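Some notes on the structure that comes next.
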Amino acid sequence: MGKAQYITTTLPYVNAEPHIGFALEMLQADIIARFRRLVGDDVFFNTGTDEHGQKIFQKAKEEGRDVQEYVDHFAGEFKKLKNALNLSYDAFIRTTDERHVAAAQELWRRCEKAGDIYKKKYKGLYCVGDEAFIKEGDLVNGKCPNHPTMDVVEIEEENYFFKLSKYQDSLLQYLGTEGVVVPEWRRQEAINFVKQGLEDFSISRVKEKMSWGIPVPGDDTQVMYVWFDALTNYISTLGWPGDKDGNFKKYWEKGTTLQLAGKDQVRFQSIMWQAMLLSAGLPTTRQVIYHGFITSGGQKMSKSIGNVIDPLEIVAEYGTDALRYFLARHVHPFEDSDVTMERFKEAYNADLANGIGNLAARIMTLAEKNLPEAVQRPEPAGFHGEYTDALEKFEYNRALEFVRSQVQILDHKIVKEEPFKLIKTNPDMGKQMIRELALDLYGIARMLNPFMPHTSAAIKEAVLSNKKPANLFPRKE
């Protein structure tokens, strides 16, 4: 077994049905997890749901629902993505789980013991959409730039604060390592944010005003700020603090830790969370990967705007692997990408129906008709350097572009060398060419494994059984 590799997504906030933007991050994490397993690593892949905070509390009350029942419903909706997207995660953590609550309270105690938590009266502007305080100078037309349709709320109360300012030098040292944040420009963004000066941040709310949260240890009048609570999931899912010699030690302390997050998460994931870990005396995250957003008409997808695309509807019509392929190849890994159903359909027909699906059918039709027996399973082999380099750099689109180039090479080979004619004039040479095509097709199927598991398995089975596969991707008009 190779190295211990821990991979985790952020936890989507359960105040709406999952849309394609949520699916993107889970899929990217799944691709990495499957690839790392393919090359022999011991992987622990985590995801889950973030279920506390003002936004959820308000939403449940607006709908006249019990808050626990509300979050139970939406946690179930997000769990549906496992089958819909064929996700291979090992754990699904909910921030309402008892073990998570206990871990968040223990992290609080450790930060408090380090002298990093204190209480003070505070007045500030709060964006419920981000569940975060915002400076007046950062407002755009009086609104939070991330939620231009929502009003910011002025909050004045006595809360607990975390001494983020204490960790300015430590965070600069942490961020000084190249590769700790990907892409590089996000690392520079984090460094610049820290250099501008860090302010201590509120980590609690008055329970009387906002009761839906984890109780602060030793103070029943306060509940934890949702970010302090939610970020703890990365270690609570590994059994921390109770499982000291189990998954936490194996994957967090001794393994390689990798977090995926949206580009708007830099100050939470690479600054606040790392400072909390330093305060508690725990190892920082080895690497955080920040992806761009899926947009529609230039706007970030949002249920409130009404521009969301339902991944479950796409899967129902086109299949899981079609959606996985599109999100990996046609959505940029680090920058925003505009997605429409028109773009999806074009890519489906060009890349899948006329591409991979057609190639598999052509080669296996030749093999089934002309080879007396199936080719032998090839010995396990490494992957082409261009493919592995792309995945090591989390450039999923580039990895699939390489796969696509191999599909085109085989297509051109069939057109140029015409094995369907050669088999008639020189049967031995024709059979050998078809065998080589079948083995090359098997190699393509291996590279598709992290991206399109069902398609990969179907093509491999077809090659090894010498049977034309069922129509993998019927053309859509």
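To be explicit about the labels: the chains of the structure tokens are called A, B, and onward in the order shown, and within each one the residues are counted from 1, while ligands get numbers from 1 in the order they are shown.
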
| request: Find the residues near Ile235 (chain A): any atom within 9 Å, counting only C-alpha atoms, skip ones fewer than 6 places away on the same chain, and give them as number ranges by chain. | output: A: 100, 103, 241, 248, 252

| Got a sec: who's within 8 Å of Lys59 (chain A), counting only C-alpha atoms, leaving out chain neighbours fewer than 4 positions off, as a PyMOL selection string? | chain A and resi 15+55+63

May I have the selected residues written with N, CA, C and O atoms, as an mmCIF file, in the first residue's frame?
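The resulting file, again.cif, is shown below:
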data_model
loop_
_atom_site.group_PDB
_atom_site.id
_atom_site.type_symbol
_atom_site.label_atom_id
_atom_site.label_comp_id
_atom_site.auth_asym_id
_atom_site.auth_seq_id
_atom_site.Cartn_x
_atom_site.Cartn_y
_atom_site.Cartn_z
ATOM 1 N N ASN A 15 -29.139 24.730 2.957
ATOM 2 C CA ASN A 15 -30.286 25.639 2.929
ATOM 3 C C ASN A 15 -30.982 25.638 1.571
ATOM 4 O O ASN A 15 -31.820 26.470 1.296
ATOM 5 N N LYS A 55 -28.387 31.300 8.784
ATOM 6 C CA LYS A 55 -29.088 31.137 7.501
ATOM 7 C C LYS A 55 -30.040 29.935 7.549
ATOM 8 O O LYS A 55 -31.186 30.017 7.094
ATOM 9 N N GLU A 63 -40.141 28.576 6.744
ATOM 10 C CA GLU A 63 -40.970 27.502 6.189
ATOM 11 C C GLU A 63 -41.817 26.811 7.250
ATOM 12 O O GLU A 63 -42.533 25.844 6.948
#

| task | Using DSSP on the backbone coordinates, identify all residues within region 239-348 of chain A classified as strand (DSSP E or B); present the result as a PyMOL selection string. | result | chain A and resi 256-262+287-291+294-296+299-300+337-338

Quick one: residues within 12 Å of region 85-90 of chain A, only C-alpha atoms, excluding same-chain residues fewer than 2 positions away - as a short mmCIF file (atom, residue, chain, number, x, y, z; two decimals) with all heavy atoms, in the first residue's frame?
data_model
loop_
_atom_site.label_atom_id
_atom_site.label_comp_id
_atom_site.auth_asym_id
_atom_site.auth_seq_id
_atom_site.Cartn_x
_atom_site.Cartn_y
_atom_site.Cartn_z
N TYR A 6 -5.33 11.81 2.63
CA TYR A 6 -6.63 12.28 3.11
C TYR A 6 -7.13 13.37 2.17
O TYR A 6 -6.42 14.34 1.90
CB TYR A 6 -6.49 12.83 4.53
CG TYR A 6 -7.75 13.44 5.09
CD1 TYR A 6 -8.90 12.67 5.26
CD2 TYR A 6 -7.79 14.78 5.47
CE1 TYR A 6 -10.06 13.24 5.78
CE2 TYR A 6 -8.94 15.35 6.01
CZ TYR A 6 -10.08 14.57 6.16
OH TYR A 6 -11.22 15.13 6.68
N ILE A 7 -8.34 13.20 1.68
CA ILE A 7 -8.94 14.15 0.73
C ILE A 7 -10.31 14.54 1.26
O ILE A 7 -11.12 13.68 1.63
CB ILE A 7 -9.10 13.51 -0.67
CG1 ILE A 7 -7.73 13.07 -1.22
CG2 ILE A 7 -9.78 14.47 -1.63
CD1 ILE A 7 -7.83 12.15 -2.41
N THR A 8 -10.59 15.84 1.31
CA THR A 8 -11.88 16.28 1.80
C THR A 8 -12.41 17.48 1.02
O THR A 8 -11.64 18.33 0.57
CB THR A 8 -11.82 16.63 3.30
OG1 THR A 8 -13.13 17.02 3.76
CG2 THR A 8 -10.84 17.75 3.59
N THR A 9 -13.71 17.52 0.86
CA THR A 9 -14.37 18.71 0.31
C THR A 9 -14.71 19.64 1.47
O THR A 9 -14.61 19.27 2.64
CB THR A 9 -15.69 18.34 -0.40
OG1 THR A 9 -16.65 17.92 0.57
CG2 THR A 9 -15.47 17.24 -1.42
N ILE A 20 -25.55 22.00 -9.56
CA ILE A 20 -24.37 21.52 -10.25
C ILE A 20 -23.08 22.12 -9.69
O ILE A 20 -22.00 21.52 -9.76
CB ILE A 20 -24.50 21.78 -11.78
CG1 ILE A 20 -23.57 20.86 -12.56
CG2 ILE A 20 -24.27 23.24 -12.11
CD1 ILE A 20 -23.83 20.88 -14.05
N PHE A 22 -22.43 22.54 -6.48
CA PHE A 22 -22.03 21.67 -5.38
C PHE A 22 -21.42 20.38 -5.92
O PHE A 22 -20.47 19.84 -5.37
CB PHE A 22 -23.24 21.33 -4.50
CG PHE A 22 -23.82 22.50 -3.76
CD1 PHE A 22 -25.16 22.80 -3.87
CD2 PHE A 22 -23.02 23.29 -2.95
CE1 PHE A 22 -25.71 23.88 -3.19
CE2 PHE A 22 -23.56 24.37 -2.26
CZ PHE A 22 -24.91 24.67 -2.39
N ALA A 23 -22.01 19.88 -7.00
CA ALA A 23 -21.53 18.62 -7.58
C ALA A 23 -20.09 18.74 -8.05
O ALA A 23 -19.32 17.77 -7.97
CB ALA A 23 -22.44 18.22 -8.75
N LEU A 24 -19.69 19.92 -8.54
CA LEU A 24 -18.35 20.11 -9.09
C LEU A 24 -17.26 19.75 -8.09
O LEU A 24 -16.35 18.98 -8.40
CB LEU A 24 -18.18 21.56 -9.55
CG LEU A 24 -16.78 21.94 -10.04
CD1 LEU A 24 -16.46 21.21 -11.35
CD2 LEU A 24 -16.66 23.44 -10.24
N GLU A 25 -17.34 20.32 -6.89
CA GLU A 25 -16.28 20.09 -5.91
C GLU A 25 -16.22 18.63 -5.47
O GLU A 25 -15.14 18.05 -5.33
CB GLU A 25 -16.49 20.98 -4.69
CG GLU A 25 -15.36 20.93 -3.69
CD GLU A 25 -15.53 21.93 -2.57
OE1 GLU A 25 -15.75 23.13 -2.86
OE2 GLU A 25 -15.47 21.52 -1.39
N MET A 26 -17.38 18.02 -5.27
CA MET A 26 -17.42 16.61 -4.87
C MET A 26 -16.81 15.73 -5.96
O MET A 26 -16.09 14.78 -5.69
CB MET A 26 -18.85 16.18 -4.58
CG MET A 26 -19.43 16.78 -3.31
SD MET A 26 -21.08 16.13 -2.96
CE MET A 26 -21.42 16.95 -1.40
N LEU A 27 -17.13 16.07 -7.22
CA LEU A 27 -16.59 15.29 -8.33
C LEU A 27 -15.07 15.43 -8.43
O LEU A 27 -14.36 14.45 -8.63
CB LEU A 27 -17.25 15.72 -9.64
CG LEU A 27 -16.65 15.09 -10.90
CD1 LEU A 27 -16.74 13.58 -10.85
CD2 LEU A 27 -17.32 15.63 -12.15
N GLN A 28 -14.58 16.66 -8.30
CA GLN A 28 -13.13 16.87 -8.37
C GLN A 28 -12.41 16.07 -7.29
O GLN A 28 -11.38 15.46 -7.54
CB GLN A 28 -12.81 18.36 -8.25
CG GLN A 28 -13.23 19.17 -9.47
CD GLN A 28 -12.99 20.66 -9.32
OE1 GLN A 28 -12.82 21.16 -8.19
NE2 GLN A 28 -12.97 21.39 -10.42
N ALA A 29 -12.97 16.08 -6.08
CA ALA A 29 -12.38 15.31 -5.00
C ALA A 29 -12.42 13.82 -5.31
O ALA A 29 -11.46 13.08 -5.03
CB ALA A 29 -13.10 15.59 -3.68
N ASP A 30 -13.51 13.37 -5.91
CA ASP A 30 -13.65 11.95 -6.24
C ASP A 30 -12.64 11.54 -7.31
O ASP A 30 -12.08 10.43 -7.25
CB ASP A 30 -15.07 11.67 -6.74
CG ASP A 30 -15.33 10.19 -6.91
OD1 ASP A 30 -15.36 9.48 -5.89
OD2 ASP A 30 -15.49 9.73 -8.06
N ILE A 31 -12.38 12.41 -8.28
CA ILE A 31 -11.39 12.11 -9.32
C ILE A 31 -10.01 11.93 -8.69
O ILE A 31 -9.29 10.97 -9.00
CB ILE A 31 -11.36 13.24 -10.38
CG1 ILE A 31 -12.64 13.22 -11.21
CG2 ILE A 31 -10.14 13.10 -11.29
CD1 ILE A 31 -12.82 14.45 -12.07
N ILE A 32 -9.65 12.84 -7.78
CA ILE A 32 -8.35 12.73 -7.11
C ILE A 32 -8.29 11.44 -6.30
O ILE A 32 -7.29 10.70 -6.34
CB ILE A 32 -8.11 13.94 -6.20
CG1 ILE A 32 -8.09 15.24 -7.00
CG2 ILE A 32 -6.77 13.79 -5.45
CD1 ILE A 32 -8.16 16.49 -6.15
N ALA A 33 -9.36 11.15 -5.56
CA ALA A 33 -9.38 9.95 -4.72
C ALA A 33 -9.23 8.69 -5.56
O ALA A 33 -8.45 7.78 -5.22
CB ALA A 33 -10.68 9.90 -3.91
N ARG A 34 -9.96 8.61 -6.66
CA ARG A 34 -9.88 7.42 -7.51
C ARG A 34 -8.51 7.30 -8.16
O ARG A 34 -7.96 6.19 -8.28
CB ARG A 34 -10.97 7.47 -8.60
CG ARG A 34 -12.38 7.23 -8.06
CD ARG A 34 -13.41 7.32 -9.17
NE ARG A 34 -14.76 7.14 -8.68
CZ ARG A 34 -15.38 5.98 -8.50
NH1 ARG A 34 -14.74 4.85 -8.80
NH2 ARG A 34 -16.62 5.92 -8.06
N PHE A 35 -7.93 8.42 -8.57
CA PHE A 35 -6.60 8.37 -9.18
C PHE A 35 -5.56 7.92 -8.17
O PHE A 35 -4.70 7.09 -8.46
CB PHE A 35 -6.24 9.74 -9.76
CG PHE A 35 -4.82 9.81 -10.28
CD1 PHE A 35 -4.43 9.06 -11.38
CD2 PHE A 35 -3.88 10.62 -9.66
CE1 PHE A 35 -3.12 9.10 -11.86
CE2 PHE A 35 -2.58 10.68 -10.13
CZ PHE A 35 -2.20 9.92 -11.22
N ARG A 37 -6.00 6.11 -5.52
CA ARG A 37 -6.17 4.67 -5.27
C ARG A 37 -5.60 3.85 -6.42
O ARG A 37 -5.01 2.79 -6.22
CB ARG A 37 -7.66 4.33 -5.08
CG ARG A 37 -8.28 4.93 -3.83
CD ARG A 37 -9.68 4.37 -3.62
NE ARG A 37 -10.43 5.12 -2.61
CZ ARG A 37 -11.44 5.93 -2.88
NH1 ARG A 37 -11.83 6.11 -4.14
NH2 ARG A 37 -12.07 6.57 -1.91
N ASP A 42 -3.28 4.74 -0.09
CA ASP A 42 -4.32 4.41 0.88
C ASP A 42 -5.11 5.69 1.14
O ASP A 42 -4.65 6.60 1.83
CB ASP A 42 -3.65 3.91 2.16
CG ASP A 42 -4.66 3.57 3.25
OD1 ASP A 42 -5.87 3.67 3.00
OD2 ASP A 42 -4.23 3.21 4.36
N VAL A 43 -6.31 5.77 0.58
CA VAL A 43 -7.08 7.02 0.56
C VAL A 43 -8.23 7.00 1.56
O VAL A 43 -8.93 6.00 1.70
CB VAL A 43 -7.64 7.27 -0.87
CG1 VAL A 43 -8.58 8.47 -0.88
CG2 VAL A 43 -6.50 7.47 -1.86
N PHE A 44 -8.41 8.14 2.24
CA PHE A 44 -9.61 8.39 3.04
C PHE A 44 -10.24 9.66 2.48
O PHE A 44 -9.65 10.72 2.51
CB PHE A 44 -9.27 8.58 4.52
CG PHE A 44 -10.49 8.62 5.41
CD1 PHE A 44 -10.88 7.50 6.12
CD2 PHE A 44 -11.25 9.78 5.55
CE1 PHE A 44 -12.00 7.52 6.94
CE2 PHE A 44 -12.37 9.82 6.37
CZ PHE A 44 -12.75 8.68 7.07
N PHE A 45 -11.45 9.52 1.94
CA PHE A 45 -12.14 10.61 1.24
C PHE A 45 -13.37 10.99 2.05
O PHE A 45 -14.24 10.17 2.31
CB PHE A 45 -12.48 10.11 -0.17
CG PHE A 45 -13.37 11.00 -1.00
CD1 PHE A 45 -13.56 12.34 -0.73
CD2 PHE A 45 -14.03 10.47 -2.11
CE1 PHE A 45 -14.39 13.14 -1.50
CE2 PHE A 45 -14.86 11.25 -2.90
CZ PHE A 45 -15.05 12.58 -2.58
N ASN A 46 -13.45 12.28 2.42
CA ASN A 46 -14.52 12.78 3.28
C ASN A 46 -15.34 13.87 2.61
O ASN A 46 -14.81 14.71 1.89
CB ASN A 46 -13.91 13.34 4.57
CG ASN A 46 -14.94 14.04 5.44
OD1 ASN A 46 -15.86 13.40 5.94
ND2 ASN A 46 -14.79 15.34 5.62
N THR A 47 -16.62 13.86 2.87
CA THR A 47 -17.50 14.98 2.54
C THR A 47 -18.60 15.00 3.58
O THR A 47 -18.53 14.31 4.59
CB THR A 47 -18.05 14.87 1.10
OG1 THR A 47 -18.69 16.09 0.75
CG2 THR A 47 -19.02 13.71 0.96
N GLY A 48 -19.64 15.81 3.37
CA GLY A 48 -20.71 15.86 4.36
C GLY A 48 -21.56 17.10 4.20
O GLY A 48 -21.65 17.67 3.11
N PHE A 78 -28.48 15.75 -0.21
CA PHE A 78 -27.07 15.76 -0.61
C PHE A 78 -26.49 14.34 -0.66
O PHE A 78 -25.60 14.06 -1.46
CB PHE A 78 -26.25 16.65 0.33
CG PHE A 78 -26.33 18.10 -0.03
CD1 PHE A 78 -27.30 18.92 0.52
CD2 PHE A 78 -25.44 18.66 -0.94
CE1 PHE A 78 -27.40 20.27 0.16
CE2 PHE A 78 -25.52 19.99 -1.30
CZ PHE A 78 -26.50 20.80 -0.75
N LYS A 79 -27.01 13.47 0.18
CA LYS A 79 -26.54 12.08 0.13
C LYS A 79 -26.93 11.40 -1.19
O LYS A 79 -26.28 10.45 -1.61
CB LYS A 79 -27.10 11.29 1.32
CG LYS A 79 -26.38 11.57 2.63
CD LYS A 79 -26.91 10.69 3.76
CE LYS A 79 -26.12 10.91 5.04
NZ LYS A 79 -26.63 10.06 6.14
N LYS A 80 -27.98 11.91 -1.84
CA LYS A 80 -28.39 11.35 -3.13
C LYS A 80 -27.31 11.52 -4.19
O LYS A 80 -27.27 10.77 -5.18
CB LYS A 80 -29.68 12.01 -3.61
CG LYS A 80 -30.92 11.62 -2.82
CD LYS A 80 -32.14 12.34 -3.36
CE LYS A 80 -33.39 12.00 -2.54
NZ LYS A 80 -34.59 12.74 -3.04
N LEU A 81 -26.43 12.52 -3.99
CA LEU A 81 -25.37 12.74 -4.97
C LEU A 81 -24.38 11.58 -5.02
O LEU A 81 -23.69 11.40 -6.02
CB LEU A 81 -24.62 14.04 -4.65
CG LEU A 81 -25.39 15.35 -4.86
CD1 LEU A 81 -24.54 16.54 -4.43
CD2 LEU A 81 -25.82 15.51 -6.31
N LYS A 82 -24.29 10.81 -3.95
CA LYS A 82 -23.35 9.68 -3.93
C LYS A 82 -23.63 8.72 -5.08
O LYS A 82 -22.73 8.34 -5.83
CB LYS A 82 -23.42 8.93 -2.60
CG LYS A 82 -22.41 7.77 -2.51
CD LYS A 82 -22.45 7.09 -1.16
CE LYS A 82 -21.52 5.91 -1.09
NZ LYS A 82 -20.10 6.25 -1.10
N ASN A 83 -24.90 8.30 -5.22
CA ASN A 83 -25.25 7.40 -6.31
C ASN A 83 -25.35 8.14 -7.64
O ASN A 83 -24.92 7.62 -8.67
CB ASN A 83 -26.58 6.70 -6.00
CG ASN A 83 -26.45 5.69 -4.89
OD1 ASN A 83 -25.39 5.09 -4.70
ND2 ASN A 83 -27.52 5.48 -4.13
N PHE A 92 -19.24 10.46 5.43
CA PHE A 92 -20.16 11.57 5.22
C PHE A 92 -20.45 12.14 6.60
O PHE A 92 -21.21 11.57 7.38
CB PHE A 92 -21.45 11.10 4.54
CG PHE A 92 -22.36 12.22 4.12
CD1 PHE A 92 -22.35 12.68 2.81
CD2 PHE A 92 -23.25 12.80 5.02
CE1 PHE A 92 -23.20 13.71 2.41
CE2 PHE A 92 -24.10 13.82 4.63
CZ PHE A 92 -24.08 14.28 3.32
N ILE A 93 -19.81 13.26 6.92
CA ILE A 93 -19.93 13.85 8.26
C ILE A 93 -21.01 14.92 8.26
O ILE A 93 -21.08 15.75 7.34
CB ILE A 93 -18.57 14.43 8.74
CG1 ILE A 93 -18.66 14.92 10.20
CG2 ILE A 93 -18.09 15.54 7.83
CD1 ILE A 93 -18.60 13.82 11.21
N THR A 237 -14.23 13.93 11.52
CA THR A 237 -14.57 12.76 10.70
C THR A 237 -13.52 11.66 10.81
O THR A 237 -13.80 10.49 10.54
CB THR A 237 -14.75 13.18 9.22
OG1 THR A 237 -15.35 12.11 8.51
CG2 THR A 237 -13.40 13.52 8.57
N LEU A 238 -12.30 12.04 11.23
CA LEU A 238 -11.21 11.06 11.40
C LEU A 238 -11.15 10.51 12.82
O LEU A 238 -10.23 9.77 13.15
CB LEU A 238 -9.87 11.72 11.06
CG LEU A 238 -9.68 12.15 9.60
CD1 LEU A 238 -8.40 12.95 9.43
CD2 LEU A 238 -9.69 10.94 8.68
N ASN A 247 -7.48 6.68 12.59
CA ASN A 247 -7.48 7.43 11.34
C ASN A 247 -6.85 8.81 11.45
O ASN A 247 -6.20 9.28 10.51
CB ASN A 247 -8.91 7.56 10.81
CG ASN A 247 -9.40 6.28 10.18
OD1 ASN A 247 -8.61 5.42 9.80
ND2 ASN A 247 -10.71 6.12 10.09
N PRO A 311 -28.18 18.70 -11.17
CA PRO A 311 -27.36 17.59 -11.67
C PRO A 311 -28.15 16.29 -11.78
O PRO A 311 -27.87 15.46 -12.65
CB PRO A 311 -26.25 17.47 -10.61
CG PRO A 311 -26.81 18.10 -9.37
CD PRO A 311 -27.71 19.19 -9.86
N LEU A 312 -29.16 16.12 -10.91
CA LEU A 312 -29.95 14.88 -10.95
C LEU A 312 -30.75 14.77 -12.24
O LEU A 312 -30.95 13.67 -12.77
CB LEU A 312 -30.87 14.81 -9.73
CG LEU A 312 -30.19 14.86 -8.36
CD1 LEU A 312 -31.22 14.76 -7.24
CD2 LEU A 312 -29.17 13.74 -8.23
N GLU A 313 -31.19 15.91 -12.77
CA GLU A 313 -31.94 15.90 -14.04
C GLU A 313 -31.03 15.52 -15.20
O GLU A 313 -31.44 14.78 -16.11
CB GLU A 313 -32.58 17.26 -14.28
CG GLU A 313 -33.73 17.58 -13.33
CD GLU A 313 -34.38 18.92 -13.62
OE1 GLU A 313 -33.97 19.57 -14.62
OE2 GLU A 313 -35.28 19.33 -12.86
N ILE A 314 -29.79 16.03 -15.19
CA ILE A 314 -28.83 15.68 -16.24
C ILE A 314 -28.52 14.19 -16.20
O ILE A 314 -28.50 13.51 -17.24
CB ILE A 314 -27.54 16.50 -16.10
CG1 ILE A 314 -27.82 17.98 -16.33
CG2 ILE A 314 -26.47 16.01 -17.08
CD1 ILE A 314 -26.60 18.87 -16.15
N VAL A 315 -28.28 13.69 -15.00
CA VAL A 315 -27.96 12.26 -14.85
C VAL A 315 -29.12 11.40 -15.34
O VAL A 315 -28.90 10.37 -16.00
CB VAL A 315 -27.62 11.94 -13.37
CG1 VAL A 315 -27.60 10.44 -13.13
CG2 VAL A 315 -26.28 12.56 -13.00
N ALA A 316 -30.34 11.81 -15.03
CA ALA A 316 -31.51 11.03 -15.44
C ALA A 316 -31.61 10.90 -16.96
O ALA A 316 -32.00 9.86 -17.48
CB ALA A 316 -32.78 11.67 -14.88
N TYR A 318 -28.90 11.80 -19.33
CA TYR A 318 -27.65 11.52 -20.05
C TYR A 318 -26.75 10.50 -19.36
O TYR A 318 -25.79 10.02 -19.97
CB TYR A 318 -26.86 12.82 -20.23
CG TYR A 318 -27.53 13.82 -21.13
CD1 TYR A 318 -28.42 14.76 -20.62
CD2 TYR A 318 -27.29 13.82 -22.51
CE1 TYR A 318 -29.04 15.69 -21.44
CE2 TYR A 318 -27.90 14.74 -23.34
CZ TYR A 318 -28.78 15.67 -22.80
OH TYR A 318 -29.39 16.58 -23.63
N GLY A 319 -27.00 10.21 -18.11
CA GLY A 319 -26.16 9.26 -17.38
C GLY A 319 -25.10 9.95 -16.54
O GLY A 319 -24.69 11.08 -16.81
N THR A 320 -24.66 9.23 -15.53
CA THR A 320 -23.68 9.77 -14.57
C THR A 320 -22.37 10.16 -15.24
O THR A 320 -21.84 11.25 -15.02
CB THR A 320 -23.41 8.73 -13.47
OG1 THR A 320 -24.61 8.53 -12.72
CG2 THR A 320 -22.31 9.20 -12.53
N ASP A 321 -21.83 9.27 -16.06
CA ASP A 321 -20.50 9.52 -16.63
C ASP A 321 -20.49 10.70 -17.59
O ASP A 321 -19.46 11.36 -17.74
CB ASP A 321 -19.98 8.26 -17.33
CG ASP A 321 -19.35 7.29 -16.35
OD1 ASP A 321 -19.38 7.57 -15.13
OD2 ASP A 321 -18.81 6.26 -16.78
N ALA A 322 -21.60 10.98 -18.22
CA ALA A 322 -21.66 12.13 -19.12
C ALA A 322 -21.49 13.42 -18.32
O ALA A 322 -20.75 14.33 -18.73
CB ALA A 322 -22.99 12.15 -19.87
N LEU A 323 -22.14 13.50 -17.16
CA LEU A 323 -21.99 14.69 -16.32
C LEU A 323 -20.58 14.77 -15.74
O LEU A 323 -19.98 15.85 -15.71
CB LEU A 323 -23.02 14.67 -15.19
CG LEU A 323 -22.96 15.84 -14.21
CD1 LEU A 323 -23.12 17.18 -14.94
CD2 LEU A 323 -24.01 15.70 -13.12
N ARG A 324 -20.05 13.64 -15.29
CA ARG A 324 -18.69 13.62 -14.73
C ARG A 324 -17.68 14.11 -15.78
O ARG A 324 -16.79 14.90 -15.49
CB ARG A 324 -18.33 12.21 -14.25
CG ARG A 324 -19.06 11.77 -12.99
CD ARG A 324 -18.69 10.33 -12.62
NE ARG A 324 -17.28 10.23 -12.28
CZ ARG A 324 -16.80 10.12 -11.02
NH1 ARG A 324 -17.64 10.11 -9.99
NH2 ARG A 324 -15.51 10.03 -10.80
N TYR A 325 -17.84 13.61 -17.00
CA TYR A 325 -16.92 13.99 -18.07
C TYR A 325 -16.99 15.49 -18.33
O TYR A 325 -15.97 16.18 -18.42
CB TYR A 325 -17.25 13.23 -19.35
CG TYR A 325 -16.36 13.60 -20.52
CD1 TYR A 325 -15.16 12.94 -20.75
CD2 TYR A 325 -16.72 14.63 -21.39
CE1 TYR A 325 -14.34 13.29 -21.82
CE2 TYR A 325 -15.91 15.00 -22.45
CZ TYR A 325 -14.72 14.32 -22.67
OH TYR A 325 -13.91 14.69 -23.71
N LEU A 327 -18.03 18.02 -16.44
CA LEU A 327 -17.52 18.86 -15.35
C LEU A 327 -16.01 18.80 -15.25
O LEU A 327 -15.36 19.77 -14.87
CB LEU A 327 -18.15 18.44 -14.02
CG LEU A 327 -19.65 18.73 -13.87
CD1 LEU A 327 -20.16 18.23 -12.52
CD2 LEU A 327 -19.94 20.22 -14.03
N ASN A 449 -10.80 5.73 -15.87
CA ASN A 449 -11.26 5.21 -14.58
C ASN A 449 -11.58 6.30 -13.55
O ASN A 449 -12.65 6.29 -12.95
CB ASN A 449 -10.25 4.21 -14.03
CG ASN A 449 -10.65 3.66 -12.68
OD1 ASN A 449 -10.60 4.35 -11.67
ND2 ASN A 449 -11.06 2.41 -12.65
N PRO A 450 -10.68 7.27 -13.28
CA PRO A 450 -11.00 8.27 -12.26
C PRO A 450 -12.15 9.19 -12.66
O PRO A 450 -12.83 9.75 -11.80
CB PRO A 450 -9.70 9.08 -12.13
CG PRO A 450 -8.63 8.23 -12.73
CD PRO A 450 -9.32 7.45 -13.81
N PHE A 451 -12.35 9.35 -13.95
CA PHE A 451 -13.33 10.31 -14.46
C PHE A 451 -14.68 9.66 -14.74
O PHE A 451 -15.73 10.23 -14.43
CB PHE A 451 -12.83 10.95 -15.76
CG PHE A 451 -11.52 11.66 -15.61
CD1 PHE A 451 -10.32 11.03 -15.90
CD2 PHE A 451 -11.48 12.98 -15.17
CE1 PHE A 451 -9.10 11.69 -15.75
CE2 PHE A 451 -10.28 13.65 -15.02
CZ PHE A 451 -9.09 13.00 -15.31
N MET A 452 -14.66 8.50 -15.37
CA MET A 452 -15.88 7.85 -15.84
C MET A 452 -15.82 6.36 -15.46
O MET A 452 -15.58 5.50 -16.31
CB MET A 452 -16.01 8.01 -17.35
CG MET A 452 -15.92 9.47 -17.80
SD MET A 452 -15.72 9.63 -19.59
CE MET A 452 -17.35 9.20 -20.15
N PRO A 453 -16.05 6.05 -14.19
CA PRO A 453 -15.85 4.67 -13.72
C PRO A 453 -16.71 3.64 -14.45
O PRO A 453 -16.23 2.55 -14.78
CB PRO A 453 -16.23 4.75 -12.24
CG PRO A 453 -16.13 6.18 -11.87
CD PRO A 453 -16.44 6.96 -13.11
N HIS A 454 -17.99 3.96 -14.70
CA HIS A 454 -18.87 3.00 -15.39
C HIS A 454 -18.39 2.74 -16.81
O HIS A 454 -18.32 1.59 -17.26
CB HIS A 454 -20.31 3.54 -15.42
CG HIS A 454 -21.01 3.54 -14.10
ND1 HIS A 454 -20.98 2.47 -13.24
CD2 HIS A 454 -21.77 4.48 -13.49
CE1 HIS A 454 -21.68 2.75 -12.15
NE2 HIS A 454 -22.16 3.97 -12.27
N THR A 455 -18.06 3.81 -17.52
CA THR A 455 -17.60 3.68 -18.90
C THR A 455 -16.29 2.91 -18.95
O THR A 455 -16.11 2.03 -19.82
CB THR A 455 -17.41 5.07 -19.53
OG1 THR A 455 -18.65 5.78 -19.45
CG2 THR A 455 -16.97 4.98 -20.97
#

| request: Extract, using only C-alpha atoms, all DNA, RNA and protein residues at most 12 Å from Asp220 (chain A), discarding same-chain residues fewer than 5 positions from it, and format them as a PyMOL selection string. | output: chain A and resi 204-208+211+213-215

Could you dump the residues just selected with C-alpha atoms as a short mmCIF file (atom, residue, chain, number, x, y, z; two decimals), in the first residue's frame?
data_model
loop_
_atom_site.label_atom_id
_atom_site.label_comp_id
_atom_site.auth_asym_id
_atom_site.auth_seq_id
_atom_site.Cartn_x
_atom_site.Cartn_y
_atom_site.Cartn_z
CA SER A 204 -19.79 32.83 19.01
CA ARG A 205 -23.33 34.21 18.93
CA VAL A 206 -25.74 34.93 21.75
CA LYS A 207 -27.94 31.85 22.14
CA GLU A 208 -31.01 33.96 22.91
CA SER A 211 -30.11 29.16 19.24
CA GLY A 213 -25.58 26.00 17.04
CA ILE A 214 -23.14 24.02 19.18
CA PRO A 215 -23.10 25.22 22.82
#
